[in-house]
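One structure below.
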Amino acid sequence: MGISDAVRKRIVELCGNKGITVNKLSYFSGVSRKTVGSFMTGATKSIGIENLKKLIDGLDMSITEFFDTEVFRNLEQEIV
């Protein structure tokens, strides 16, 4: 699993835990539904660090909390 897939999975997991949709997260975070939707469907490979930070803020958590999971700890290094 790559970093983008791991981020998508984590966003879905956290939205489920909070009982909100990804569209609602878009509203809370101020990131456009188009941007979020394109990333979540995989049409866009990367959401960008600024938008990711906004989404994490919309989830009412810190960057550390977002990335503090086994999935991120076990990611292979991606060399492009």
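Residue numbers start at 1 in each chain; chains themselves are named A, B, ... in the order of the structure tokens; ligands are numbered from 1 in the order shown.
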Within 12 Å of A:Thr41 using only C-alpha atoms, minus same-chain residues under 3 positions, as number ranges by chain: A: 4-5, 8-9, 12, 22, 33-38, 44-47
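For stretch 66-71 of chain A, the list of residues within 9 Å, based on only C-alpha atoms and with local chain neighbours fewer than 5 positions off taken out, reads Met1, Ala6, Val7, Arg10, Ile11, Leu14, Ile56 and Met61 of chain A.
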Pull C-alpha atoms from the residues just selected and write them as a short mmCIF file (atom, residue, chain, number, x, y, z; two decimals), in the first residue's frame.
data_model
loop_
_atom_site.label_atom_id
_atom_site.label_comp_id
_atom_site.auth_asym_id
_atom_site.auth_seq_id
_atom_site.Cartn_x
_atom_site.Cartn_y
_atom_site.Cartn_z
CA MET A 1 0.00 0.00 0.00
CA ALA A 6 -3.00 4.82 3.31
CA VAL A 7 -4.19 8.43 3.63
CA ARG A 10 -7.32 6.66 7.20
CA ILE A 11 -9.72 9.42 6.12
CA LEU A 14 -11.85 8.48 10.80
CA ILE A 56 -6.96 16.78 9.52
CA MET A 61 -7.12 16.14 15.40
#
When DSSP works through the backbone of this structure, what residues of chain A end up as alpha helix (DSSP H), shown as a ChimeraX atom specification? /A:3-18,22-29,33-41,49-58,63-67,70-73
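Among the candidates A:Ile3, A:Leu59, A:Val31, A:Glu50, the one nearest to A:Asn17 when counting only C-alpha atoms is A:Leu59.
Counting from atom CA of A:Ser26, the distance to atom CA of A:Asn51 is 10.0 Å.
Using only C-alpha atoms for every distance, the candidate list A:Gly16, A:Gly2, A:Tyr27, A:Thr21 yields A:Tyr27 as the residue closest to A:Gly58.
Here atom CA of A:Ser62 stands at a distance of 14.8 Å from atom CA of A:Cys15.
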Near A:Asp60, within 12 Å and counting only C-alpha atoms, which residues show up once chain neighbours fewer than 5 positions away are dropped, as an MDAnalysis selection string? chainID A and resid 14:15 18 25 28:29 53:55 65:66
Take the residues that were just selected and, keeping C-alpha atoms, output them as a PDB file, in the first residue's frame.
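Output below, filename out_20.pdb:
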ATOM      1  CA  LEU A  14     -11.853   8.483  10.797  1.00  0.00           C
ATOM      2  CA  CYS A  15     -14.982   9.748   9.053  1.00  0.00           C
ATOM      3  CA  LYS A  18     -16.899  10.337  13.759  1.00  0.00           C
ATOM      4  CA  LEU A  25     -15.489  16.538   6.081  1.00  0.00           C
ATOM      5  CA  PHE A  28     -15.794  21.169   7.887  1.00  0.00           C
ATOM      6  CA  SER A  29     -12.293  21.528   6.461  1.00  0.00           C
ATOM      7  CA  LYS A  53      -3.649  19.610   6.983  1.00  0.00           C
ATOM      8  CA  LYS A  54      -7.050  21.251   6.459  1.00  0.00           C
ATOM      9  CA  LEU A  55      -8.739  17.840   6.338  1.00  0.00           C
ATOM     10  CA  GLU A  65      -2.726  11.688  15.760  1.00  0.00           C
ATOM     11  CA  PHE A  66      -3.630  11.231  12.095  1.00  0.00           C
TER      12      PHE A  66
END
